[in-house]
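Visitor: I am sharing data26.cif, which consists of mmCIF, C-alpha atoms:
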data_model
#
loop_
_atom_site.label_atom_id
_atom_site.label_comp_id
_atom_site.auth_asym_id
_atom_site.auth_seq_id
_atom_site.Cartn_x
_atom_site.Cartn_y
_atom_site.Cartn_z
CA MET A 1 8.57 33.23 2.58
CA LYS A 2 12.16 32.45 1.55
CA SER A 3 12.83 29.20 -0.26
CA SER A 4 15.24 28.21 2.51
CA THR A 5 12.37 28.19 4.97
CA LYS A 6 9.57 27.12 2.65
CA ILE A 7 11.09 24.24 0.66
CA LEU A 8 9.03 23.31 -2.34
CA LEU A 9 7.53 19.96 -3.18
CA LEU A 10 8.44 18.48 -6.51
CA ALA A 11 5.56 19.34 -8.84
CA GLN A 12 4.76 16.22 -10.80
CA ALA A 13 3.45 17.71 -13.98
CA ALA A 14 1.23 15.06 -15.46
CA LEU A 15 0.04 12.62 -12.85
CA LEU A 16 -3.05 11.06 -14.33
CA ILE A 17 -5.75 8.93 -12.79
CA CYS A 18 -7.22 8.00 -16.15
CA GLY A 19 -10.71 6.63 -16.31
CA CYS A 20 -9.78 4.43 -19.24
CA THR A 21 -6.85 2.81 -17.43
CA SER A 22 -8.66 2.39 -14.15
CA ARG A 23 -12.19 2.54 -12.87
CA VAL A 24 -10.88 4.52 -9.92
CA THR A 25 -11.19 8.28 -9.93
CA THR A 26 -9.59 8.95 -6.59
CA ASP A 27 -10.12 12.29 -4.90
CA PRO A 28 -6.59 13.76 -5.16
CA THR A 29 -7.21 16.01 -2.16
CA LYS A 30 -7.09 12.83 -0.09
CA LEU A 31 -3.73 11.79 -1.48
CA SER A 32 -1.86 15.01 -2.13
CA HIS A 33 -2.61 18.63 -1.36
CA VAL A 34 0.26 21.08 -1.22
CA GLU A 35 1.09 24.62 -2.23
CA ILE A 36 3.82 25.48 -4.69
CA LYS A 37 5.25 28.80 -5.83
CA GLY A 38 5.97 29.64 -9.44
CA GLN A 39 8.94 31.67 -10.59
CA THR A 40 6.88 34.85 -10.40
CA GLY A 41 6.09 34.12 -6.77
CA GLU A 42 2.44 33.21 -7.28
CA SER A 43 1.00 30.52 -5.03
CA VAL A 44 -0.84 27.63 -6.61
CA LYS A 45 -3.06 25.35 -4.57
CA THR A 46 -2.88 21.77 -5.73
CA GLY A 47 -5.28 18.92 -5.26
CA ALA A 48 -7.99 20.03 -7.70
CA PRO A 49 -10.23 17.32 -9.16
CA PRO A 50 -9.67 15.76 -12.58
CA ASN A 51 -11.59 16.95 -15.60
CA LYS A 52 -14.55 15.16 -17.17
CA ASP A 53 -12.19 12.64 -18.81
CA GLY A 54 -10.64 11.73 -15.49
CA VAL A 55 -7.38 13.56 -16.21
CA PHE A 56 -5.66 15.92 -13.78
CA SER A 57 -4.76 19.38 -14.96
CA PRO A 58 -0.99 19.03 -15.57
CA GLU A 59 -0.29 22.48 -14.15
CA ILE A 60 -1.67 21.64 -10.73
CA ALA A 61 -1.44 17.87 -10.37
CA THR A 62 1.22 17.01 -7.78
CA ALA A 63 2.60 14.11 -5.86
CA ASP A 64 3.97 14.17 -2.33
CA ALA A 65 7.62 13.64 -3.12
CA SER A 66 8.69 14.07 0.46
CA GLY A 67 9.22 11.59 3.23
CA GLY A 68 7.92 12.95 6.51
CA GLY A 69 7.33 16.37 5.01
CA ILE A 70 10.79 16.96 3.57
CA PRO A 71 10.07 18.48 0.14
CA VAL A 72 12.51 19.24 -2.65
CA ALA A 73 13.16 22.14 -5.00
CA ILE A 74 11.44 22.24 -8.37
CA ASP A 75 12.16 23.57 -11.84
CA MET A 76 8.85 25.06 -12.95
CA ASP A 77 9.96 25.50 -16.56
CA ALA A 78 10.91 21.83 -16.81
CA GLU A 79 7.69 20.77 -15.12
CA ARG A 80 5.58 22.83 -17.53
CA ALA A 81 7.37 21.28 -20.51
CA ILE A 82 6.87 17.80 -19.09
CA ALA A 83 3.22 18.58 -18.36
CA LYS A 84 2.55 19.66 -21.92
CA GLU A 85 4.40 16.83 -23.63
CA SER A 86 3.17 14.12 -21.26
CA LEU A 87 -0.39 15.13 -21.94
CA GLU A 88 0.30 15.03 -25.67
CA ALA A 89 1.71 11.52 -25.27
CA TRP A 90 -1.36 10.45 -23.32
CA ARG A 91 -3.70 11.81 -26.00
CA THR A 92 -1.69 9.86 -28.58
CA ALA A 93 -2.20 6.71 -26.50
CA VAL A 94 -5.94 7.32 -26.19
CA LYS A 95 -6.11 7.48 -29.99
CA GLY A 96 -4.70 3.94 -30.05
CA ASP A 97 -1.11 4.75 -31.01
CA GLU A 98 0.94 2.94 -28.36
CA LYS A 99 4.20 3.16 -30.30
CA GLY A 100 3.78 6.89 -30.91
CA ALA A 101 2.93 7.62 -27.28
CA LEU A 102 5.94 5.71 -25.97
CA ALA A 103 8.24 7.37 -28.53
CA LYS A 104 7.16 10.79 -27.21
CA LEU A 105 7.83 9.68 -23.63
CA ASP A 106 11.21 8.14 -24.54
CA ASP A 107 12.27 11.45 -26.07
CA LEU A 108 11.01 13.31 -23.01
CA GLU A 109 12.93 11.01 -20.68
CA LYS A 110 16.17 11.59 -22.59
CA ARG A 111 15.81 15.32 -22.01
CA TYR A 112 14.70 15.05 -18.39
CA PRO A 113 16.27 11.81 -17.09
CA THR A 114 15.99 12.70 -13.40
CA ILE A 115 12.27 13.53 -13.34
CA SER A 116 10.30 10.40 -12.64
CA THR A 117 6.97 11.75 -13.86
CA VAL A 118 7.80 10.33 -17.30
CA LYS A 119 8.09 6.80 -15.91
CA PHE A 120 4.73 7.26 -14.21
CA MET A 121 3.23 8.26 -17.55
CA LYS A 122 4.78 5.25 -19.26
CA ALA A 123 3.19 3.03 -16.62
CA GLN A 124 -0.22 4.45 -17.44
CA VAL A 125 0.27 4.04 -21.16
CA TYR A 126 1.23 0.38 -20.70
CA GLU A 127 -1.74 -0.08 -18.39
CA HIS A 128 -4.03 1.48 -20.99
CA PHE A 129 -2.87 -1.10 -23.54
CA GLY A 130 -3.28 -4.01 -21.13
CA LYS A 131 0.43 -4.63 -20.55
CA ARG A 132 0.05 -5.11 -16.82
CA GLU A 133 3.51 -6.33 -15.85
CA LEU A 134 5.20 -3.51 -17.73
CA SER A 135 2.87 -1.01 -16.07
CA ILE A 136 3.83 -2.44 -12.67
CA LYS A 137 7.53 -2.18 -13.58
CA TYR A 138 7.24 1.51 -14.45
CA TYR A 139 4.99 2.34 -11.50
CA ARG A 140 7.76 0.91 -9.31
CA GLU A 141 10.45 2.89 -11.10
CA SER A 142 8.41 6.08 -10.84
CA LEU A 143 8.79 5.81 -7.07
CA ASP A 144 12.58 6.04 -7.28
CA ASN A 145 12.64 9.81 -6.87
CA SER A 146 9.44 10.14 -4.87
CA GLU A 147 9.42 7.12 -2.62
CA PHE A 148 6.61 8.42 -0.44
CA SER A 149 4.27 9.54 -3.21
CA SER A 150 0.86 8.45 -1.98
CA LEU A 151 -0.74 8.86 -5.40
CA ARG A 152 1.86 6.70 -7.11
CA GLN A 153 1.74 4.09 -4.38
CA PHE A 154 -2.01 3.85 -4.85
CA LYS A 155 -1.67 3.36 -8.60
CA LEU A 156 0.99 0.70 -8.04
CA ALA A 157 -1.27 -1.11 -5.57
CA GLU A 158 -4.15 -1.05 -8.05
CA ALA A 159 -1.94 -2.45 -10.81
CA LEU A 160 -0.61 -5.17 -8.51
CA LYS A 161 -4.15 -6.12 -7.49
CA LYS A 162 -5.23 -6.41 -11.12
CA GLY A 163 -2.14 -8.53 -11.79
CA LYS A 164 -3.13 -10.82 -8.88
CA HIS A 165 -0.09 -9.85 -6.81
CA TYR A 166 -2.42 -9.67 -3.85
CA LYS A 167 0.03 -9.87 -0.97
CA GLU A 168 2.22 -7.03 -2.18
CA ALA A 169 -0.81 -4.91 -3.06
CA GLU A 170 -2.23 -5.60 0.41
CA GLU A 171 0.92 -4.24 2.05
CA ILE A 172 0.73 -0.99 0.06
CA TYR A 173 -2.96 -0.48 0.80
CA ARG A 174 -2.24 -0.97 4.50
CA LYS A 175 0.47 1.69 4.41
CA LEU A 176 -1.83 4.13 2.62
CA LEU A 177 -4.66 3.54 5.08
CA LYS A 178 -2.42 4.40 8.01
CA THR A 179 -2.45 7.96 6.69
CA PHE A 180 -5.68 8.03 4.67
CA SER A 181 -7.99 5.94 6.83
CA ASP A 182 -11.13 7.33 5.20
CA LEU A 183 -10.17 6.61 1.58
CA PRO A 184 -12.82 4.15 0.32
CA ASP A 185 -10.88 3.11 -2.79
CA ALA A 186 -7.94 1.98 -0.64
CA LYS A 187 -10.31 0.25 1.81
CA LEU A 188 -11.93 -1.58 -1.08
CA GLY A 189 -8.55 -2.54 -2.51
CA LEU A 190 -7.39 -3.98 0.79
CA ALA A 191 -10.65 -5.89 1.27
CA LEU A 192 -10.49 -7.40 -2.22
CA CYS A 193 -6.88 -8.46 -1.75
CA LEU A 194 -7.66 -10.14 1.56
CA ILE A 195 -10.72 -11.94 0.17
CA ALA A 196 -8.81 -13.01 -2.95
CA GLN A 197 -6.26 -14.70 -0.71
CA ASN A 198 -8.92 -16.22 1.54
CA LYS A 199 -12.58 -15.95 0.59
CA ASP A 200 -13.56 -16.45 4.25
CA SER A 201 -11.18 -13.77 5.55
CA LYS A 202 -12.87 -12.21 8.58
CA GLU A 203 -10.76 -9.09 8.25
CA GLY A 204 -11.50 -8.85 4.53
CA HIS A 205 -15.25 -8.82 5.06
CA GLN A 206 -14.89 -6.38 7.97
CA VAL A 207 -12.91 -3.98 5.77
CA LEU A 208 -15.57 -4.42 3.09
CA ALA A 209 -18.20 -3.36 5.65
CA GLU A 210 -16.07 -0.33 6.57
CA THR A 211 -15.89 0.54 2.88
CA VAL A 212 -19.69 0.60 2.69
CA ILE A 213 -19.84 2.94 5.69
CA LEU A 214 -17.42 5.34 4.00
CA CYS A 215 -19.50 5.21 0.81
CA GLU A 216 -22.64 6.00 2.78
CA ALA A 217 -20.94 9.09 4.21
CA GLN A 218 -19.95 10.18 0.71
CA MET A 219 -23.51 9.75 -0.57
CA LYS A 220 -24.87 11.85 2.27
CA THR A 221 -22.84 14.83 1.03
CA ARG A 222 -25.01 14.81 -2.13
CA GLU A 223 -22.04 16.09 -4.07
CA PRO A 224 -22.37 14.57 -7.58
CA GLY A 225 -18.74 13.47 -7.84
CA LYS A 226 -18.70 11.83 -4.44
CA VAL A 227 -22.06 10.16 -4.97
CA ALA A 228 -20.94 8.73 -8.32
CA SER A 229 -17.69 7.49 -6.78
CA ALA A 230 -19.58 5.88 -3.88
CA LYS A 231 -21.97 4.09 -6.23
CA ARG A 232 -19.08 2.76 -8.31
CA ILE A 233 -17.38 1.39 -5.21
CA LEU A 234 -20.60 -0.12 -3.88
CA LYS A 235 -21.06 -2.02 -7.14
CA ASP A 236 -17.57 -3.45 -6.66
CA VAL A 237 -18.49 -4.39 -3.10
CA LEU A 238 -21.46 -6.35 -4.42
CA GLU A 239 -19.26 -8.14 -6.93
CA ALA A 240 -17.15 -9.39 -4.02
CA ASP A 241 -20.09 -9.93 -1.68
CA PRO A 242 -23.41 -10.25 -3.58
CA GLY A 243 -25.32 -10.60 -0.34
CA ASN A 244 -24.14 -7.35 1.20
CA THR A 245 -27.44 -5.89 2.39
CA ALA A 246 -26.08 -2.44 3.29
CA ALA A 247 -24.57 -1.95 -0.17
CA LYS A 248 -27.82 -3.06 -1.83
CA GLN A 249 -29.85 -0.60 0.23
CA LEU A 250 -27.56 2.31 -0.63
CA LEU A 251 -27.87 1.43 -4.32
CA GLY A 252 -31.65 1.15 -4.00
CA GLN A 253 -31.70 -2.55 -4.83
#
Could you spell out this file's structure in C-alpha coordinates?
Guide:
Amino acid sequence: MKSSTKILLLAQAALLICGCTSRVTTDPTKLSHVEIKGQTGESVKTGAPPNKDGVFSPEIATADASGGGIPVAIDMDAERAIAKESLEAWRTAVKGDEKGALAKLDDLEKRYPTISTVKFMKAQVYEHFGKRELSIKYYRESLDNSEFSSLRQFKLAEALKKGKHYKEAEEIYRKLLKTFSDLPDAKLGLALCLIAQNKDSKEGHQVLAETVILCEAQMKTREPGKVASAKRILKDVLEADPGNTAAKQLLGQ
(Lines of atoms letter the chains of each structure in order from A and count residues from 1; the text may use other names and numbers.)
(Lines give C-alpha, C1' and ligand atoms only; values in the text may rest on other atoms or scores of the structure.)
Protein backbone atom coordinates (compact mmCIF):
# COMPACT_ATOMS: atom_id res chain seq x y z
CA MET A 1 0.00 0.00 0.00
CA LYS A 2 1.38 3.43 -0.94
CA SER A 3 2.65 5.66 1.84
CA SER A 4 0.13 8.30 0.80
CA THR A 5 -2.69 5.94 1.71
CA LYS A 6 -1.03 4.07 4.55
CA ILE A 7 0.60 6.81 6.63
CA LEU A 8 3.05 5.47 9.14
CA LEU A 9 3.04 5.93 12.87
CA LEU A 10 6.15 7.39 14.42
CA ALA A 11 8.15 4.42 15.69
CA GLN A 12 9.37 5.33 19.15
CA ALA A 13 12.55 3.34 19.31
CA ALA A 14 13.18 2.81 22.97
CA LEU A 15 10.03 3.15 25.00
CA LEU A 16 10.73 1.31 28.20
CA ILE A 17 8.46 0.18 30.99
CA CYS A 18 11.34 -0.68 33.27
CA GLY A 19 10.74 -2.92 36.22
CA CYS A 20 13.33 -1.06 38.25
CA THR A 21 11.70 2.34 37.69
CA SER A 22 8.17 1.12 38.21
CA ARG A 23 6.44 -1.93 39.58
CA VAL A 24 4.12 -1.77 36.59
CA THR A 25 4.77 -4.02 33.62
CA THR A 26 1.87 -2.91 31.48
CA ASP A 27 0.76 -5.07 28.59
CA PRO A 28 1.79 -2.86 25.64
CA THR A 29 -0.81 -4.48 23.39
CA LYS A 30 -3.38 -2.64 25.49
CA LEU A 31 -1.73 0.72 24.98
CA SER A 32 -0.24 0.59 21.51
CA HIS A 33 -0.44 -1.93 18.70
CA VAL A 34 0.28 -0.78 15.18
CA GLU A 35 2.03 -1.96 12.05
CA ILE A 36 4.97 -0.17 10.51
CA LYS A 37 6.89 -0.74 7.30
CA GLY A 38 10.66 -0.67 7.07
CA GLN A 39 12.58 0.76 4.15
CA THR A 40 12.67 -2.67 2.50
CA GLY A 41 8.89 -2.85 2.67
CA GLU A 42 8.70 -5.48 5.40
CA SER A 43 5.81 -5.23 7.84
CA VAL A 44 6.56 -5.31 11.54
CA LYS A 45 3.83 -5.94 14.09
CA THR A 46 4.34 -3.94 17.24
CA GLY A 47 3.02 -4.46 20.72
CA ALA A 48 5.19 -7.42 21.73
CA PRO A 49 5.79 -7.94 25.45
CA PRO A 50 8.92 -6.74 27.25
CA ASN A 51 11.80 -9.08 27.93
CA LYS A 52 12.58 -10.70 31.28
CA ASP A 53 14.05 -7.42 32.56
CA GLY A 54 10.88 -5.52 31.76
CA VAL A 55 12.39 -3.73 28.75
CA PHE A 56 10.70 -3.45 25.37
CA SER A 57 12.61 -4.54 22.31
CA PRO A 58 13.68 -1.18 20.82
CA GLU A 59 13.04 -2.35 17.28
CA ILE A 60 9.36 -2.98 17.89
CA ALA A 61 8.35 -0.79 20.81
CA THR A 62 6.07 2.00 19.59
CA ALA A 63 3.87 4.75 20.85
CA ASP A 64 0.65 5.98 19.29
CA ALA A 65 1.85 9.34 18.06
CA SER A 66 -1.40 10.13 16.34
CA GLY A 67 -4.46 11.97 17.49
CA GLY A 68 -7.60 10.24 16.26
CA GLY A 69 -5.61 7.88 14.07
CA ILE A 70 -3.59 10.48 12.15
CA PRO A 71 -0.09 8.97 12.05
CA VAL A 72 3.12 10.56 10.83
CA ALA A 73 6.03 9.52 8.63
CA ILE A 74 9.07 7.91 10.20
CA ASP A 75 12.79 7.72 9.53
CA MET A 76 13.66 4.09 10.22
CA ASP A 77 17.42 4.70 10.13
CA ALA A 78 17.13 7.43 12.75
CA GLU A 79 14.83 5.30 14.88
CA ARG A 80 17.24 2.35 14.79
CA ALA A 81 20.11 4.61 15.85
CA ILE A 82 18.03 6.06 18.67
CA ALA A 83 16.93 2.57 19.71
CA LYS A 84 20.49 1.32 19.97
CA GLU A 85 21.91 4.34 21.78
CA SER A 86 18.93 4.79 24.11
CA LEU A 87 19.26 1.21 25.23
CA GLU A 88 22.98 1.74 25.82
CA ALA A 89 22.15 4.80 27.93
CA TRP A 90 19.62 2.81 29.93
CA ARG A 91 22.12 0.03 30.60
CA THR A 92 24.57 2.68 31.80
CA ALA A 93 21.90 3.97 34.19
CA VAL A 94 21.17 0.48 35.51
CA LYS A 95 24.87 0.15 36.34
CA GLY A 96 24.49 3.21 38.57
CA ASP A 97 26.10 5.80 36.31
CA GLU A 98 23.49 8.57 36.16
CA LYS A 99 25.89 11.17 34.77
CA GLY A 100 27.10 8.83 32.03
CA ALA A 101 23.58 7.83 31.01
CA LEU A 102 22.40 11.43 30.77
CA ALA A 103 25.51 12.43 28.82
CA LYS A 104 24.70 9.76 26.22
CA LEU A 105 21.11 11.02 25.97
CA ASP A 106 22.21 14.67 25.75
CA ASP A 107 24.45 13.78 22.82
CA LEU A 108 21.63 11.83 21.20
CA GLU A 109 19.23 14.73 21.61
CA LYS A 110 21.65 17.13 19.93
CA ARG A 111 21.72 14.87 16.87
CA TYR A 112 17.98 14.18 16.83
CA PRO A 113 16.36 17.25 18.42
CA THR A 114 12.90 16.65 16.98
CA ILE A 115 12.45 13.05 18.16
CA SER A 116 10.91 13.05 21.60
CA THR A 117 11.86 9.47 22.45
CA VAL A 118 15.07 10.83 23.99
CA LYS A 119 13.12 12.98 26.46
CA PHE A 120 11.07 9.93 27.39
CA MET A 121 14.28 8.03 28.09
CA LYS A 122 15.61 10.89 30.19
CA ALA A 123 12.42 10.78 32.23
CA GLN A 124 12.97 7.11 32.97
CA VAL A 125 16.59 7.63 33.92
CA TYR A 126 15.61 10.38 36.37
CA GLU A 127 12.85 8.17 37.73
CA HIS A 128 15.33 5.33 38.19
CA PHE A 129 17.51 7.61 40.34
CA GLY A 130 14.58 8.86 42.40
CA LYS A 131 14.44 12.35 40.90
CA ARG A 132 10.68 12.39 40.64
CA GLU A 133 10.01 16.00 39.67
CA LEU A 134 12.60 15.89 36.91
CA SER A 135 11.10 12.65 35.63
CA ILE A 136 7.67 14.32 35.54
CA LYS A 137 9.14 17.29 33.66
CA TYR A 138 10.61 15.08 30.95
CA TYR A 139 7.57 12.81 30.72
CA ARG A 140 5.58 15.99 30.00
CA GLU A 141 8.07 17.17 27.40
CA SER A 142 8.10 13.77 25.73
CA LEU A 143 4.45 14.34 24.89
CA ASP A 144 5.23 17.44 22.82
CA ASN A 145 5.54 15.52 19.57
CA SER A 146 3.18 12.68 20.45
CA GLU A 147 0.44 14.32 22.46
CA PHE A 148 -1.85 11.31 22.29
CA SER A 149 0.71 8.65 23.19
CA SER A 150 -1.18 6.36 25.54
CA LEU A 151 1.98 4.69 26.80
CA ARG A 152 3.63 7.99 27.67
CA GLN A 153 0.49 9.33 29.27
CA PHE A 154 0.35 6.26 31.48
CA LYS A 155 3.97 6.70 32.58
CA LEU A 156 3.32 10.38 33.31
CA ALA A 157 0.26 9.48 35.39
CA GLU A 158 2.27 6.93 37.37
CA ALA A 159 5.02 9.47 38.05
CA LEU A 160 2.49 12.10 39.10
CA LYS A 161 0.81 9.62 41.46
CA LYS A 162 4.13 8.75 43.08
CA GLY A 163 4.84 12.47 43.43
CA LYS A 164 1.45 12.92 45.16
CA HIS A 165 0.06 15.05 42.34
CA TYR A 166 -3.12 13.06 42.69
CA LYS A 167 -5.61 15.34 40.95
CA GLU A 168 -3.60 15.66 37.75
CA ALA A 169 -2.80 11.95 37.73
CA GLU A 170 -6.50 11.20 38.23
CA GLU A 171 -7.39 13.21 35.12
CA ILE A 172 -4.90 11.28 32.98
CA TYR A 173 -6.06 7.90 34.25
CA ARG A 174 -9.65 8.88 33.44
CA LYS A 175 -8.68 9.77 29.88
CA LEU A 176 -6.83 6.48 29.43
CA LEU A 177 -9.74 4.46 30.79
CA LYS A 178 -12.11 6.00 28.26
CA THR A 179 -10.18 4.06 25.62
CA PHE A 180 -8.68 1.21 27.67
CA SER A 181 -11.49 0.42 30.08
CA ASP A 182 -10.11 -3.03 30.90
CA LEU A 183 -6.58 -1.94 31.84
CA PRO A 184 -6.19 -2.93 35.52
CA ASP A 185 -3.07 -0.82 36.11
CA ALA A 186 -4.94 2.33 35.06
CA LYS A 187 -7.97 1.29 37.14
CA LEU A 188 -5.73 0.80 40.14
CA GLY A 189 -4.02 4.14 39.56
CA LEU A 190 -7.33 5.98 39.41
CA ALA A 191 -8.61 4.23 42.54
CA LEU A 192 -5.47 5.06 44.52
CA CYS A 193 -5.60 8.70 43.45
CA LEU A 194 -9.24 9.01 44.49
CA ILE A 195 -8.65 7.32 47.84
CA ALA A 196 -5.53 9.42 48.49
CA GLN A 197 -7.65 12.54 48.08
CA ASN A 198 -10.50 11.15 50.17
CA LYS A 199 -10.06 7.86 52.02
CA ASP A 200 -13.85 7.39 52.09
CA SER A 201 -14.29 8.05 48.36
CA LYS A 202 -17.19 5.88 47.23
CA GLU A 203 -16.00 6.02 43.64
CA GLY A 204 -12.45 5.16 44.67
CA HIS A 205 -13.51 1.97 46.43
CA GLN A 206 -15.84 1.08 43.55
CA VAL A 207 -12.97 1.43 41.05
CA LEU A 208 -10.84 -0.68 43.39
CA ALA A 209 -13.52 -3.39 43.25
CA GLU A 210 -13.56 -3.15 39.44
CA THR A 211 -9.77 -3.57 39.48
CA VAL A 212 -10.13 -6.83 41.40
CA ILE A 213 -12.65 -8.11 38.84
CA LEU A 214 -10.22 -7.36 36.01
CA CYS A 215 -7.44 -9.15 37.91
CA GLU A 216 -9.67 -12.17 38.39
CA ALA A 217 -10.25 -12.31 34.63
CA GLN A 218 -6.51 -12.15 34.03
CA MET A 219 -5.86 -14.99 36.48
CA LYS A 220 -8.44 -17.16 34.78
CA THR A 221 -6.40 -17.05 31.56
CA ARG A 222 -3.64 -18.97 33.41
CA GLU A 223 -1.09 -17.17 31.28
CA PRO A 224 2.00 -16.76 33.52
CA GLY A 225 2.58 -13.10 32.66
CA LYS A 226 -1.02 -12.10 33.22
CA VAL A 227 -1.29 -14.10 36.42
CA ALA A 228 1.87 -12.49 37.82
CA SER A 229 0.61 -9.03 36.85
CA ALA A 230 -2.77 -9.71 38.47
CA LYS A 231 -1.15 -10.86 41.72
CA ARG A 232 1.05 -7.77 41.84
CA ILE A 233 -1.97 -5.51 41.39
CA LEU A 234 -4.00 -7.42 43.98
CA LYS A 235 -1.25 -6.89 46.54
CA ASP A 236 -1.47 -3.16 45.85
CA VAL A 237 -5.23 -3.35 46.27
CA LEU A 238 -4.74 -4.88 49.71
CA GLU A 239 -2.30 -2.14 50.66
CA ALA A 240 -5.05 0.39 49.96
CA ASP A 241 -7.86 -1.75 51.36
CA PRO A 242 -6.55 -4.46 53.74
CA GLY A 243 -10.04 -5.80 54.25
CA ASN A 244 -10.78 -6.47 50.60
CA THR A 245 -12.14 -10.01 50.79
CA ALA A 246 -12.20 -10.64 47.03
CA ALA A 247 -8.53 -9.72 46.65
CA LYS A 248 -7.58 -11.94 49.60
CA GLN A 249 -9.44 -14.90 48.11
CA LEU A 250 -7.74 -14.51 44.74
CA LEU A 251 -4.35 -14.42 46.48
CA GLY A 252 -5.27 -17.47 48.55
CA GLN A 253 -5.14 -15.59 51.84
Visitor: Just so the selection is clear, what residues does the PyMOL selection byres ((chain A and resi 250) around 9) cover here, as a PyMOL selection string?
Guide: chain A and resi 212+215-216+219+231+234+245-249+251-253
Visitor: What does the structure give for the distance between atom CA of Leu190 of chain A and atom CA of Asp241 of chain A, in Å to one decimal?
Guide: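 Rounded to one decimal, the two atoms are 14.2 Å apart.
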Visitor: Could you state which residues are captured by the PyMOL selection byres ((chain A and resi 131-138) around 9) in this file, as a PyMOL selection string?
Guide: chain A and resi 119-130+139-143+155-157+159-160+162-163
Visitor: Grab the atom CA of Asp185 of chain A to atom CA of Lys95 of chain A distance for me, in Å with one decimal place.
Guide: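 Distance between the two atoms: 28.0 Å.
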Visitor: What's the separation between atom CA of Gly204 of chain A and atom CA of Lys220 of chain A, in Å to one decimal place?
Guide: 24.7 Å
Visitor: Which of these residues is nearest to Ile82 of chain A, using all atoms listed in the file: A:Phe180, A:Tyr112, A:Ala186, A:Asp97?
Guide: A:Tyr112
